[in-house]
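Participant: Contents of entry.tsv (TSV, C-alpha atoms) are given next:
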chain	number	residue	atom	x	y	z
T	1	GLY	CA	19.52	51.02	2.08
T	2	PRO	CA	17.14	49.28	4.48
T	3	ILE	CA	15.47	46.08	3.37
T	4	ALA	CA	12.59	44.01	4.71
T	5	VAL	CA	13.05	40.32	5.57
T	6	PRO	CA	10.35	38.04	7.07
T	7	ALA	CA	10.96	37.33	10.75
T	8	HIS	CA	11.00	33.56	10.20
T	9	GLU	CA	13.98	33.98	7.87
T	10	LEU	CA	16.08	35.54	10.64
T	11	GLU	CA	17.83	34.16	13.70
T	12	THR	CA	16.05	34.56	17.03
T	13	VAL	CA	18.80	36.80	18.36
T	14	LEU	CA	20.40	39.33	16.01
T	15	ARG	CA	23.79	40.93	16.45
T	16	VAL	CA	24.03	44.69	15.93
T	17	GLN	CA	27.40	46.29	15.22
T	18	THR	CA	28.05	49.99	14.72
T	19	ARG	CA	31.20	51.38	13.14
T	20	VAL	CA	32.23	55.02	12.77
T	21	ASN	CA	34.80	55.58	10.03
T	22	GLY	CA	35.54	51.84	10.20
T	23	GLU	CA	36.12	51.77	13.98
T	24	LEU	CA	33.89	49.35	15.90
T	25	ARG	CA	31.92	51.41	18.41
T	26	GLN	CA	29.07	49.06	19.34
T	27	ASP	CA	28.67	45.29	19.48
T	28	ALA	CA	25.44	44.05	21.04
T	29	THR	CA	22.49	41.71	20.47
T	30	THR	CA	18.74	42.20	20.30
T	31	ASP	CA	18.17	40.23	23.50
T	32	THR	CA	19.69	43.16	25.41
T	33	LEU	CA	17.19	45.73	24.12
T	34	ILE	CA	15.69	47.96	26.81
T	35	PHE	CA	12.23	47.32	25.29
T	36	GLY	CA	10.84	45.39	22.36
T	37	ILE	CA	10.29	46.58	18.79
T	38	PRO	CA	6.45	46.65	19.09
T	39	HIS	CA	6.77	48.93	22.12
T	40	LEU	CA	9.16	51.17	20.18
T	41	ILE	CA	6.72	51.49	17.26
T	42	GLN	CA	3.80	52.16	19.60
T	43	THR	CA	5.73	54.89	21.42
T	44	LEU	CA	6.79	56.61	18.19
T	45	SER	CA	3.27	56.37	16.78
T	46	GLU	CA	1.85	58.12	19.81
T	47	GLY	CA	4.06	61.12	19.13
T	48	GLN	CA	3.73	61.42	15.35
T	49	THR	CA	1.90	59.90	12.41
T	50	LEU	CA	3.95	57.08	10.92
T	51	MET	CA	3.76	57.05	7.12
T	52	PRO	CA	4.28	54.21	4.61
T	53	GLY	CA	7.97	54.01	3.78
T	54	ASP	CA	9.17	55.48	7.09
T	55	VAL	CA	12.41	53.95	8.38
T	56	LEU	CA	12.86	53.64	12.14
T	57	ALA	CA	16.48	53.71	13.28
T	58	THR	CA	17.46	53.17	16.91
T	59	GLY	CA	20.55	52.33	18.91
T	60	THR	CA	22.43	53.20	22.08
T	61	PRO	CA	24.24	56.53	22.51
T	62	ALA	CA	27.40	54.56	23.30
T	63	GLY	CA	27.45	53.43	19.70
T	64	VAL	CA	28.60	56.82	18.44
T	65	GLY	CA	30.76	57.93	21.33
T	66	ILE	CA	28.54	59.79	23.79
T	67	GLY	CA	29.34	57.23	26.48
T	68	ARG	CA	33.06	57.86	26.20
T	69	LYS	CA	35.08	60.10	28.44
T	70	PRO	CA	35.52	62.63	27.05
T	71	PRO	CA	32.56	62.23	24.64
T	72	ILE	CA	33.31	61.87	20.94
T	73	TYR	CA	30.84	63.73	18.75
T	74	LEU	CA	30.06	62.97	15.14
T	75	GLN	CA	31.39	65.48	12.62
T	76	PRO	CA	30.36	66.31	9.03
T	77	GLY	CA	31.87	63.71	6.75
T	78	ASP	CA	31.93	60.90	9.34
T	79	GLU	CA	30.67	57.57	7.99
T	80	ILE	CA	28.44	55.43	10.19
T	81	SER	CA	27.76	51.79	9.32
T	82	VAL	CA	25.23	49.62	11.15
T	83	SER	CA	25.34	45.87	10.50
T	84	ILE	CA	22.62	43.44	11.58
T	85	THR	CA	22.78	39.68	11.21
T	86	GLY	CA	20.81	38.55	8.18
T	87	LEU	CA	19.96	42.07	7.03
T	88	GLY	CA	23.30	43.43	5.90
T	89	THR	CA	24.83	46.86	6.45
T	90	LEU	CA	23.31	50.32	6.28
T	91	THR	CA	25.87	53.09	5.70
T	92	ASN	CA	25.31	56.84	5.96
T	93	ARG	CA	27.56	59.86	5.97
T	94	VAL	CA	27.01	62.84	8.27
T	95	ALA	CA	26.04	65.86	6.20
T	96	ALA	CA	27.16	69.44	6.66
T	97	PRO	CA	24.90	71.57	8.89
T	98	THR	CA	23.97	73.66	5.84
T	99	SER	CA	22.71	70.66	3.85
T	100	VAL	CA	19.01	70.27	3.08
T	101	ASN	CA	17.41	67.54	5.16
T	102	PRO	CA	15.43	65.52	2.59
T	103	THR	CA	13.38	63.75	5.25
T	104	LEU	CA	12.34	67.02	6.86
T	105	GLN	CA	11.65	68.50	3.42
T	106	ARG	CA	9.47	65.53	2.48
T	107	VAL	CA	7.46	65.80	5.70
T	108	GLN	CA	6.99	69.56	5.28
T	109	ASN	CA	5.81	69.09	1.69
T	110	THR	CA	3.38	66.30	2.61
T	111	SER	CA	-0.24	67.29	3.00
T	112	SER	CA	-3.23	65.29	4.15
T	113	LEU	CA	-5.29	67.27	1.63
T	114	ARG	CA	-5.19	65.49	-1.71
T	115	ALA	CA	-5.04	67.59	-4.85
T	116	THR	CA	-8.11	67.61	-7.07
T	117	ASN	CA	-7.75	66.51	-10.71
T	118	ALA	CA	-4.40	64.82	-10.03
T	119	GLU	CA	-5.32	61.24	-10.96
T	120	LYS	CA	-4.70	61.83	-14.67
T	121	THR	CA	-1.02	62.55	-13.96
T	122	LEU	CA	-0.54	59.77	-11.38
T	123	GLY	CA	-1.07	62.01	-8.42
T	124	GLY	CA	0.46	65.04	-10.09
T	125	ALA	CA	3.80	63.24	-10.40
T	126	VAL	CA	4.36	63.14	-14.17
T	127	GLY	CA	4.29	65.58	-17.06
T	128	LEU	CA	3.81	68.75	-15.02
T	129	THR	CA	5.84	71.94	-14.58
T	130	SER	CA	6.01	73.90	-11.33
T	131	LEU	CA	4.73	77.45	-11.86
T	132	ASN	CA	4.03	79.75	-8.93
T	133	GLY	CA	4.58	76.75	-6.68
T	134	LYS	CA	1.78	74.82	-8.42
T	135	PRO	CA	2.05	71.79	-10.73
T	136	THR	CA	0.87	72.92	-14.17
T	137	HIS	CA	0.47	71.13	-17.47
T	138	LEU	CA	2.59	73.26	-19.81
T	139	VAL	CA	3.84	72.27	-23.25
T	140	LYS	CA	5.93	73.98	-25.90
T	141	ILE	CA	5.17	73.30	-29.55
T	142	GLY	CA	7.27	74.62	-32.41
T	143	THR	CA	10.73	76.14	-32.31
T	144	ASP	CA	12.29	79.54	-31.80
T	145	THR	CA	12.42	81.14	-35.24
T	146	GLY	CA	13.11	84.72	-34.26
T	147	ARG	CA	9.44	85.61	-34.43
T	148	PRO	CA	7.62	86.62	-31.25
T	149	PRO	CA	6.63	83.53	-29.23
T	150	ILE	CA	2.93	82.89	-28.64
T	151	VAL	CA	1.23	82.01	-25.36
T	152	PHE	CA	-2.28	80.50	-25.51
T	153	ILE	CA	-4.98	80.65	-22.81
T	154	HIS	CA	-8.03	78.41	-23.16
T	155	GLY	CA	-11.47	79.17	-21.76
T	156	LEU	CA	-13.92	77.70	-19.27
T	157	GLY	CA	-14.34	73.99	-19.97
T	158	GLY	CA	-11.43	73.96	-22.41
T	159	THR	CA	-7.91	72.58	-22.32
T	160	LEU	CA	-4.71	73.38	-24.16
T	161	ASP	CA	-5.90	71.00	-26.87
T	162	TYR	CA	-8.60	73.48	-27.82
T	163	TRP	CA	-5.78	75.13	-29.77
T	164	THR	CA	-4.52	72.00	-31.54
T	165	PRO	CA	-6.53	72.52	-34.77
T	166	LEU	CA	-5.38	76.15	-34.95
T	167	LEU	CA	-1.71	75.32	-34.37
T	168	HIS	CA	-1.51	72.88	-37.24
T	169	HIS	CA	-3.82	74.55	-39.76
T	170	HIS	CA	-1.94	75.78	-42.81
T	171	SER	CA	-3.02	79.31	-43.63
T	172	PRO	CA	-1.68	81.38	-46.54
T	173	SER	CA	-0.43	84.85	-45.66
T	174	SER	CA	0.34	87.86	-47.77
T	175	SER	CA	4.07	87.42	-47.29
T	176	SER	CA	4.62	83.67	-47.52
T	177	ALA	CA	3.27	80.34	-48.67
T	178	ALA	CA	0.74	78.44	-46.60
T	179	THR	CA	2.20	77.50	-43.23
T	180	SER	CA	1.11	76.77	-39.66
T	181	LEU	CA	1.71	78.55	-36.37
T	182	ALA	CA	3.51	75.48	-35.04
T	183	ALA	CA	5.99	75.75	-37.93
T	184	THR	CA	6.69	79.46	-37.60
T	185	HIS	CA	6.53	80.24	-33.88
T	186	ALA	CA	7.44	78.90	-30.47
T	187	CYS	CA	4.01	78.22	-28.95
T	188	TYR	CA	3.39	77.80	-25.22
T	189	LEU	CA	0.12	76.17	-24.17
T	190	PHE	CA	-1.11	75.25	-20.70
T	191	ASP	CA	-4.11	73.89	-18.85
T	192	PHE	CA	-5.09	76.44	-16.27
T	193	GLU	CA	-5.42	75.34	-12.66
T	194	GLY	CA	-8.02	72.61	-12.17
T	195	HIS	CA	-8.60	72.12	-15.91
T	196	GLY	CA	-7.20	69.54	-18.33
T	197	LEU	CA	-4.22	67.89	-16.65
T	198	SER	CA	-3.44	70.66	-14.15
T	199	PRO	CA	-4.35	69.76	-10.54
T	200	THR	CA	-5.71	72.17	-7.96
T	201	SER	CA	-5.25	72.08	-4.21
T	202	PRO	CA	-8.33	72.12	-1.95
T	203	GLN	CA	-6.69	75.12	-0.26
T	204	SER	CA	-6.34	77.05	-3.52
T	205	LYS	CA	-8.87	79.64	-4.67
T	206	ILE	CA	-8.89	80.30	-8.40
T	207	SER	CA	-9.54	83.82	-9.66
T	208	ILE	CA	-8.95	85.82	-12.81
T	209	THR	CA	-6.06	87.47	-10.98
T	210	SER	CA	-4.50	84.16	-9.89
T	211	LEU	CA	-4.70	82.81	-13.43
T	212	ALA	CA	-3.10	86.02	-14.74
T	213	ALA	CA	-0.27	85.46	-12.24
T	214	ASP	CA	0.17	81.98	-13.71
T	215	VAL	CA	0.41	83.51	-17.19
T	216	ARG	CA	3.14	85.80	-15.91
T	217	ALA	CA	4.98	82.73	-14.59
T	218	ILE	CA	4.76	81.20	-18.07
T	219	PHE	CA	6.17	84.36	-19.66
T	220	ASP	CA	9.00	84.25	-17.11
T	221	HIS	CA	9.57	80.54	-17.74
T	222	ALA	CA	9.69	81.11	-21.50
T	223	GLY	CA	11.91	84.17	-21.17
T	224	ILE	CA	9.40	86.47	-22.89
T	225	GLU	CA	10.30	89.91	-21.59
T	226	GLN	CA	8.65	92.06	-24.25
T	227	GLY	CA	6.69	91.94	-27.50
T	228	GLY	CA	5.16	88.49	-27.10
T	229	THR	CA	1.87	87.41	-28.65
T	230	LEU	CA	-1.01	86.32	-26.42
T	231	ILE	CA	-4.03	84.44	-27.79
T	232	ALA	CA	-6.99	83.73	-25.50
T	233	HIS	CA	-10.48	82.26	-25.68
T	234	SER	CA	-13.62	83.11	-23.71
T	235	MET	CA	-12.91	83.40	-19.97
T	236	GLY	CA	-9.22	83.25	-20.86
T	237	CYS	CA	-9.65	86.66	-22.51
T	238	LEU	CA	-10.32	88.22	-19.10
T	239	VAL	CA	-7.16	86.53	-17.81
T	240	ALA	CA	-5.20	87.83	-20.81
T	241	LEU	CA	-6.46	91.39	-20.38
T	242	THR	CA	-5.65	91.33	-16.66
T	243	PHE	CA	-2.11	90.16	-17.43
T	244	VAL	CA	-1.55	92.69	-20.22
T	245	LEU	CA	-2.78	95.62	-18.14
T	246	ALA	CA	-0.51	94.62	-15.23
T	247	ASN	CA	2.53	93.95	-17.43
T	248	PRO	CA	2.78	96.67	-20.10
T	249	GLY	CA	5.24	95.95	-22.87
T	250	ARG	CA	5.41	92.19	-22.45
T	251	VAL	CA	2.67	91.64	-25.07
T	252	GLY	CA	2.86	93.28	-28.48
T	253	LYS	CA	-0.15	91.58	-30.06
T	254	LEU	CA	-3.26	90.40	-28.25
T	255	VAL	CA	-5.87	88.13	-29.84
T	256	LEU	CA	-9.17	87.81	-27.98
T	257	ILE	CA	-11.46	85.08	-29.29
T	258	GLY	CA	-14.99	85.32	-27.93
T	259	PRO	CA	-14.31	87.65	-24.98
T	260	PRO	CA	-17.18	87.88	-22.46
T	261	PRO	CA	-18.41	91.27	-21.28
T	262	SER	CA	-16.33	93.12	-18.72
T	263	PRO	CA	-17.63	93.50	-16.12
T	264	LEU	CA	-19.69	90.33	-16.21
T	265	PRO	CA	-23.42	91.20	-15.94
T	266	GLN	CA	-25.24	90.17	-12.78
T	267	ALA	CA	-27.23	87.52	-14.66
T	268	GLY	CA	-24.03	86.00	-16.03
T	269	SER	CA	-22.44	86.01	-12.59
T	270	GLN	CA	-25.43	84.32	-11.01
T	271	GLY	CA	-25.55	81.77	-13.82
T	272	ALA	CA	-21.88	80.87	-13.34
T	273	GLN	CA	-22.40	80.43	-9.59
T	274	ALA	CA	-25.41	78.20	-10.24
T	275	ARG	CA	-23.43	76.11	-12.72
T	276	ALA	CA	-20.64	75.66	-10.15
T	277	ALA	CA	-23.14	74.39	-7.59
T	278	LEU	CA	-24.71	72.05	-10.15
T	279	VAL	CA	-21.48	70.34	-11.22
T	280	ARG	CA	-20.38	69.97	-7.60
T	281	ARG	CA	-23.68	68.25	-6.92
T	282	GLU	CA	-24.21	66.19	-10.08
T	283	GLY	CA	-20.95	66.22	-12.05
T	284	MET	CA	-20.14	67.34	-15.59
T	285	PRO	CA	-22.88	65.30	-17.33
T	286	ALA	CA	-25.39	67.67	-15.71
T	287	VAL	CA	-24.19	70.63	-17.80
T	288	VAL	CA	-22.69	69.18	-20.97
T	289	ASP	CA	-25.90	69.17	-23.05
T	290	ALA	CA	-26.83	72.77	-22.26
T	291	VAL	CA	-23.30	74.12	-22.72
T	292	ALA	CA	-22.66	72.27	-25.97
T	293	LYS	CA	-26.00	73.31	-27.46
T	294	GLY	CA	-25.95	76.88	-26.22
T	295	GLY	CA	-22.32	77.39	-27.18
T	296	THR	CA	-22.45	76.22	-30.81
T	297	SER	CA	-24.28	77.59	-33.82
T	298	ALA	CA	-27.26	76.00	-35.54
T	299	THR	CA	-25.06	75.28	-38.55
T	300	THR	CA	-22.47	73.54	-36.39
T	301	GLN	CA	-25.13	71.42	-34.72
T	302	SER	CA	-26.65	70.32	-38.02
T	303	ALA	CA	-23.56	69.98	-40.22
T	304	ASN	CA	-20.46	69.70	-38.03
T	305	GLY	CA	-20.94	66.82	-35.64
T	306	LEU	CA	-17.18	66.55	-35.10
T	307	ALA	CA	-17.07	70.05	-33.60
T	308	VAL	CA	-19.99	69.30	-31.29
T	309	THR	CA	-18.27	66.09	-30.21
T	310	ALA	CA	-15.05	67.99	-29.49
T	311	VAL	CA	-16.95	70.42	-27.26
T	312	ARG	CA	-18.66	67.60	-25.38
T	313	LEU	CA	-15.44	65.65	-24.86
T	314	SER	CA	-13.67	68.76	-23.62
T	315	LEU	CA	-16.41	69.34	-21.05
T	316	LEU	CA	-16.84	65.73	-19.96
T	317	GLY	CA	-13.09	65.41	-19.49
T	318	GLN	CA	-13.04	68.12	-16.83
T	319	ASP	CA	-12.82	67.46	-13.12
T	320	PRO	CA	-16.09	68.76	-11.60
T	321	GLU	CA	-14.37	70.61	-8.75
T	322	GLY	CA	-11.78	72.19	-11.04
T	323	TYR	CA	-14.54	73.30	-13.41
T	324	ALA	CA	-16.63	74.62	-10.52
T	325	LYS	CA	-13.71	76.67	-9.20
T	326	ALA	CA	-13.30	78.27	-12.61
T	327	CYS	CA	-17.04	79.01	-12.77
T	328	VAL	CA	-16.75	80.86	-9.46
T	329	ALA	CA	-13.70	82.76	-10.74
T	330	LEU	CA	-15.73	83.87	-13.77
T	331	ALA	CA	-18.73	84.76	-11.59
T	332	GLU	CA	-16.52	87.04	-9.50
T	333	ALA	CA	-15.20	88.94	-12.55
T	334	THR	CA	-17.43	91.90	-11.75
T	335	GLN	CA	-14.80	94.64	-11.98
T	336	ALA	CA	-14.52	96.40	-15.35
T	337	LEU	CA	-11.18	96.01	-17.11
T	338	ASP	CA	-9.66	99.15	-18.65
T	339	VAL	CA	-9.54	97.88	-22.21
T	340	GLY	CA	-8.52	101.33	-23.45
T	341	GLY	CA	-5.35	101.05	-21.39
T	342	VAL	CA	-4.06	98.04	-23.31
T	343	GLU	CA	-0.70	98.93	-24.87
T	344	ALA	CA	-0.80	96.30	-27.61
T	345	ASP	CA	-2.35	95.68	-31.00
T	346	VAL	CA	-5.68	93.91	-30.48
T	347	LEU	CA	-7.62	91.50	-32.67
T	348	VAL	CA	-11.07	90.40	-31.52
T	349	VAL	CA	-12.68	87.36	-33.16
T	350	THR	CA	-16.25	86.30	-32.48
T	351	GLY	CA	-19.02	84.27	-34.06
T	352	ARG	CA	-22.18	85.71	-35.52
T	353	GLU	CA	-24.14	83.32	-33.26
T	354	ASP	CA	-21.90	83.68	-30.20
T	355	LYS	CA	-24.26	84.29	-27.25
T	356	VAL	CA	-21.39	84.74	-24.77
T	357	SER	CA	-19.53	87.25	-26.89
T	358	PRO	CA	-22.04	89.02	-29.16
T	359	VAL	CA	-20.83	91.46	-31.80
T	360	ALA	CA	-22.01	94.48	-29.81
T	361	VAL	CA	-19.75	93.47	-26.90
T	362	CYS	CA	-16.78	92.88	-29.18
T	363	GLU	CA	-17.18	96.28	-30.84
T	364	LYS	CA	-16.55	97.87	-27.44
T	365	TYR	CA	-13.31	95.90	-27.12
T	366	VAL	CA	-11.89	97.41	-30.31
T	367	GLN	CA	-12.82	100.97	-29.42
T	368	GLN	CA	-9.96	103.03	-28.03
T	369	PRO	CA	-9.25	106.56	-26.84
T	370	GLN	CA	-8.60	109.02	-29.66
T	371	GLN	CA	-5.01	109.59	-28.59
T	372	GLN	CA	-4.25	105.90	-29.24
T	373	GLU	CA	-5.93	105.55	-32.60
T	374	ALA	CA	-2.79	106.25	-34.59
T	375	LYS	CA	-0.62	104.06	-32.39
T	376	ARG	CA	-2.45	100.76	-31.96
T	377	ARG	CA	-4.33	98.46	-34.30
T	378	ARG	CA	-7.82	97.45	-33.25
T	379	GLU	CA	-9.52	94.89	-35.49
T	380	LEU	CA	-12.73	92.87	-35.29
T	381	VAL	CA	-13.49	89.73	-37.29
T	382	VAL	CA	-16.97	88.20	-37.17
T	383	LEU	CA	-17.25	84.59	-38.34
T	384	PRO	CA	-20.59	83.63	-39.96
T	385	ASP	CA	-22.47	80.55	-38.74
T	386	VAL	CA	-20.21	80.22	-35.69
T	387	GLY	CA	-21.07	80.11	-31.99
T	388	HIS	CA	-18.74	80.36	-28.99
T	389	TRP	CA	-16.38	77.42	-29.69
T	390	HIS	CA	-14.77	79.18	-32.63
T	391	VAL	CA	-11.69	77.02	-33.23
T	392	PHE	CA	-13.72	73.80	-33.22
T	393	GLU	CA	-16.50	75.27	-35.35
T	394	ASP	CA	-14.45	77.17	-37.93
T	395	THR	CA	-10.74	76.40	-37.72
T	396	LYS	CA	-10.07	77.90	-41.14
T	397	GLY	CA	-11.79	81.19	-40.33
T	398	VAL	CA	-9.97	81.63	-37.02
T	399	ALA	CA	-6.63	80.60	-38.52
T	400	GLU	CA	-6.89	83.10	-41.37
T	401	ALA	CA	-7.88	85.93	-39.02
T	402	VAL	CA	-4.97	85.17	-36.68
T	403	SER	CA	-2.46	84.67	-39.49
T	404	ASN	CA	-3.35	87.97	-41.14
T	405	PHE	CA	-3.07	89.79	-37.81
T	406	ILE	CA	0.22	88.46	-36.49
Kindly return the structure encoded in the file as structure tokens.
Facilitator:
Amino acid sequence: GPIAVPAHELETVLRVQTRVNGELRQDATTDTLIFGIPHLIQTLSEGQTLMPGDVLATGTPAGVGIGRKPPIYLQPGDEISVSITGLGTLTNRVAAPTSVNPTLQRVQNTSSLRATNAEKTLGGAVGLTSLNGKPTHLVKIGTDTGRPPIVFIHGLGGTLDYWTPLLHHHSPSSSSAATSLAATHACYLFDFEGHGLSPTSPQSKISITSLAADVRAIFDHAGIEQGGTLIAHSMGCLVALTFVLANPGRVGKLVLIGPPPSPLPQAGSQGAQARAALVRREGMPAVVDAVAKGGTSATTQSANGLAVTAVRLSLLGQDPEGYAKACVALAEATQALDVGGVEADVLVVTGREDKVSPVAVCEKYVQQPQQQEAKRRRELVVLPDVGHWHVFEDTKGVAEAVSNFI
């Protein structure tokens, strides 16, 4: 490939030779150029934006046969070699007309708009999976054991690591010895767009519907066509419900942990919009104290400092713009979801001190039309002394409820 050599290391006049399939077609020197290299670069730059790493290749048409009578045209498979004194030889083969042009593809995929929240993954270049055309942080934990795989959706201000304590907690079940979800199921976890390690484009608008489409992409990626298990927290519950209602049969068991009201009340919508504006203006430190205190129980705050720390770290680790986009998505969740139309067994878990998902709201989630009562399970578990960050505050209680249900 092309290399760079300081000008003072080269001869004043360089010889350029072009060969096509080994046949010498051009033999000239740089002192016969029509115009100088600086003029060439200036002319090209006036017509397009030159980018770091661009390679400029130039020569005379006679070098490949156009000046011959009759003209000789390059054909797919022809090999062209250009040799320059002191630089070596650059060899390329003519591709078939149907081949993808990598240079054109690179230019088309290049945007002047930089992704938000991409620095953690070196510009979105490492550790991400393309879902719906977007780079997404997706991981699989556990192995396929024949049991239904589980997909997890975190909530506002969370990441896929919100589920880490639950995955590895050993809970006894009625049918087996104590074991963990990671040991018995294939578990798929992801950071939704703009959260955790998942970037978001400035051109992308996040909504409950767009996040549900991303969940569908994960089900497709994992090959889950029917009977999967879906576990969601907080705002992620609205995403889960939207997905389940739009894709009947793909989820057999649905676990909603701290689901907010649907539709979101006007006060909640206005509060989410205000929070989005605040973090865009002042960053995540402006909201962490209020969210951590309001989202955890009095018992957690006085006796479980590790849980409070986990909440704070989760929030402070968020990109402000990614968090703000999710706040707006939540604020716009003003259309009621048809919970009665869910064709899956449903477990709802909430905390006795959960202000986002109070018991009265959760009781509505487990109600169902009379014609479905004999067909689908609807269960509610209320955890004492727990606020809205259930897994951090009471891993054991959540794990036992989930284990008994699935």
Participant: Rank T:Asp78, T:Val361, T:Val107, T:Asn101 by their smallest atom-to-atom distance to Met51 of chain T, using only C-alpha atoms, and report the top residue only.
Facilitator: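 Under the stated criterion, the closest residue is T:Val107.
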Participant: Excluding His185 of chain T and its own-chain neighbours fewer than 6 positions away, which residues fall within 8 Å of it when counting only C-alpha atoms? Please give them as a ChimeraX atom specification.
Facilitator: /T:142-150
Participant: So what do you get for atom CA of His195 of chain T versus atom CA of Asp394 of chain T, distance-wise?
Facilitator: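 Taking atom CA of His195 of chain T and atom CA of Asp394 of chain T, their separation equals 23.3 Å.
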Participant: Rank T:Leu230, T:Val20, T:Ala4, T:Leu197 by their smallest atom-to-atom distance to Ile257 of chain T, using only C-alpha atoms, and report the top residue only.
Facilitator: T:Leu230
Participant: Between segment 90-175 of chain T and segment 205-224 of chain T, at 12 Å or less, what are the per-residue closest atom pairs and their distances in Å? Count all atoms listed in the file, order by chain and rising residue number, and return it as CSV.
Facilitator:
residue,atom,partner,partner_atom,distance
T:Thr129,CA,T:His221,CA,9.9
T:Ser130,CA,T:Ala217,CA,9.5
T:Leu131,CA,T:Ala217,CA,5.9
T:Asn132,CA,T:Ala217,CA,6.5
T:Gly133,CA,T:Asp214,CA,9.8
T:Lys134,CA,T:Asp214,CA,9.0
T:Pro135,CA,T:Asp214,CA,10.8
T:Thr136,CA,T:Asp214,CA,9.1
T:His137,CA,T:Ile218,CA,11.0
T:Leu138,CA,T:Ile218,CA,8.4
T:Val139,CA,T:Ile218,CA,10.4
T:Lys140,CA,T:Ala222,CA,9.2
T:Thr143,CA,T:Ala222,CA,11.9
T:Asp144,CA,T:Ala222,CA,10.7
T:Arg147,CA,T:Ile224,CA,11.6
T:Pro148,CA,T:Ile224,CA,8.5
T:Pro149,CA,T:Ile224,CA,7.5
T:Ile150,CA,T:Ile224,CA,9.4
T:Val151,CA,T:Phe219,CA,7.9
T:Phe152,CA,T:Val215,CA,9.2
T:Ile153,CA,T:Val215,CA,8.3
T:His154,CA,T:Leu211,CA,11.2
T:Gly155,CA,T:Leu211,CA,11.3
T:Leu156,CA,T:Ile208,CA,11.5
Participant: I'd like the neighbourhood of segment 238-254 of chain T as number ranges by chain, where a residue qualifies if any of its atoms comes within 8 Å (using all atoms listed in the file), though same-chain residues fewer than 2 positions away should be ignored.
Facilitator: T: 153, 208-209, 211-213, 215-216, 224-232, 234-236, 256, 259-260, 262, 337-339, 341-347, 406
Participant: Which residues, written as a compact mmCIF listing (two decimals) with C-alpha atoms, in the coordinates of the input, have at least one atom at most 8 Å from Val94 of chain T, with all atoms listed in the file counted and residues fewer than 6 positions away on the same chain left out?
Facilitator:
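Generated file (selection.txt):
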# COMPACT_ATOMS: atom_id res chain seq x y z
CA LEU T 74 30.06 62.97 15.14
CA GLN T 75 31.39 65.48 12.62
CA PRO T 76 30.36 66.31 9.03
CA GLY T 77 31.87 63.71 6.75
CA ASP T 78 31.93 60.90 9.34
CA GLU T 79 30.67 57.57 7.99
CA ILE T 80 28.44 55.43 10.19
Participant: Using atom CA of Ala326 of chain T and atom CA of Pro265 of chain T as the two end points, give the distance in Å to one decimal.
Facilitator: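 These atoms are spaced 16.8 Å apart.
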Participant: Got a sec: who's within 12 Å of Val381 of chain T, counting only C-alpha atoms, leaving out chain neighbours fewer than 2 positions off, as a ChimeraX atom specification?
Facilitator: /T:255-258,346-352,358-359,362-363,365-366,378-379,383-384,386,390,397-402,404-405
Participant: Excluding His170 of chain T and residues on its chain fewer than 5 positions from it, collect all residues at most 12 Å away from it, counting only C-alpha atoms, and give them as number ranges by chain.
Facilitator: T: 165, 176-184, 395-400, 402-403
Participant: Identify which of the residues T:Ser198, T:Gln318, T:Asn304, T:Thr334 lies closest to Gly268 of chain T, counting only C-alpha atoms when measuring atom-to-atom distances.
Facilitator: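 Distance minimum relative to Gly268 of chain T lands on T:Thr334.
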Participant: One number please: atom CA of Ala324 of chain T to atom CA of Ala125 of chain T, in Å, one decimal.
Facilitator: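 Here the two named atoms are 23.4 Å from each other.
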Participant: Starting from 8 Å padding per side, set up an axis-aligned box that covers all listed atoms of segment 250-254 of chain T and hand over centre and edge lengths in Å, one decimal, as JSON.
Facilitator:
{"center_x": 1.1, "center_y": 91.8, "center_z": -26.3, "size_x": 24.7, "size_y": 18.9, "size_z": 23.6}
Participant: Could you rebuild segment 180-188 of chain T with N, CA and C atoms and give me the result as an mmCIF file, in the frame of the given file?
Facilitator:
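Contents of out_1.cif, as written:
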data_model
loop_
_atom_site.group_PDB
_atom_site.id
_atom_site.type_symbol
_atom_site.label_atom_id
_atom_site.label_comp_id
_atom_site.auth_asym_id
_atom_site.auth_seq_id
_atom_site.Cartn_x
_atom_site.Cartn_y
_atom_site.Cartn_z
ATOM 1 N N SER T 180 1.854 76.869 -40.910
ATOM 2 C CA SER T 180 1.110 76.770 -39.660
ATOM 3 C C SER T 180 1.838 77.513 -38.550
ATOM 4 N N LEU T 181 1.098 77.864 -37.505
ATOM 5 C CA LEU T 181 1.710 78.550 -36.370
ATOM 6 C C LEU T 181 2.781 77.695 -35.724
ATOM 7 N N ALA T 182 2.547 76.377 -35.670
ATOM 8 C CA ALA T 182 3.510 75.480 -35.040
ATOM 9 C C ALA T 182 4.823 75.433 -35.819
ATOM 10 N N ALA T 183 4.773 75.780 -37.111
ATOM 11 C CA ALA T 183 5.990 75.750 -37.930
ATOM 12 C C ALA T 183 6.731 77.070 -37.913
ATOM 13 N N THR T 184 6.070 78.128 -37.497
ATOM 14 C CA THR T 184 6.690 79.460 -37.600
ATOM 15 C C THR T 184 6.934 80.139 -36.265
ATOM 16 N N HIS T 185 6.398 79.591 -35.178
ATOM 17 C CA HIS T 185 6.530 80.240 -33.880
ATOM 18 C C HIS T 185 6.784 79.215 -32.774
ATOM 19 N N ALA T 186 7.394 79.678 -31.709
ATOM 20 C CA ALA T 186 7.440 78.900 -30.470
ATOM 21 C C ALA T 186 6.122 79.153 -29.743
ATOM 22 N N CYS T 187 5.352 78.094 -29.522
ATOM 23 C CA CYS T 187 4.010 78.220 -28.950
ATOM 24 C C CYS T 187 3.966 77.567 -27.571
ATOM 25 N N TYR T 188 3.498 78.306 -26.587
ATOM 26 C CA TYR T 188 3.390 77.800 -25.220
ATOM 27 C C TYR T 188 1.910 77.667 -24.863
#
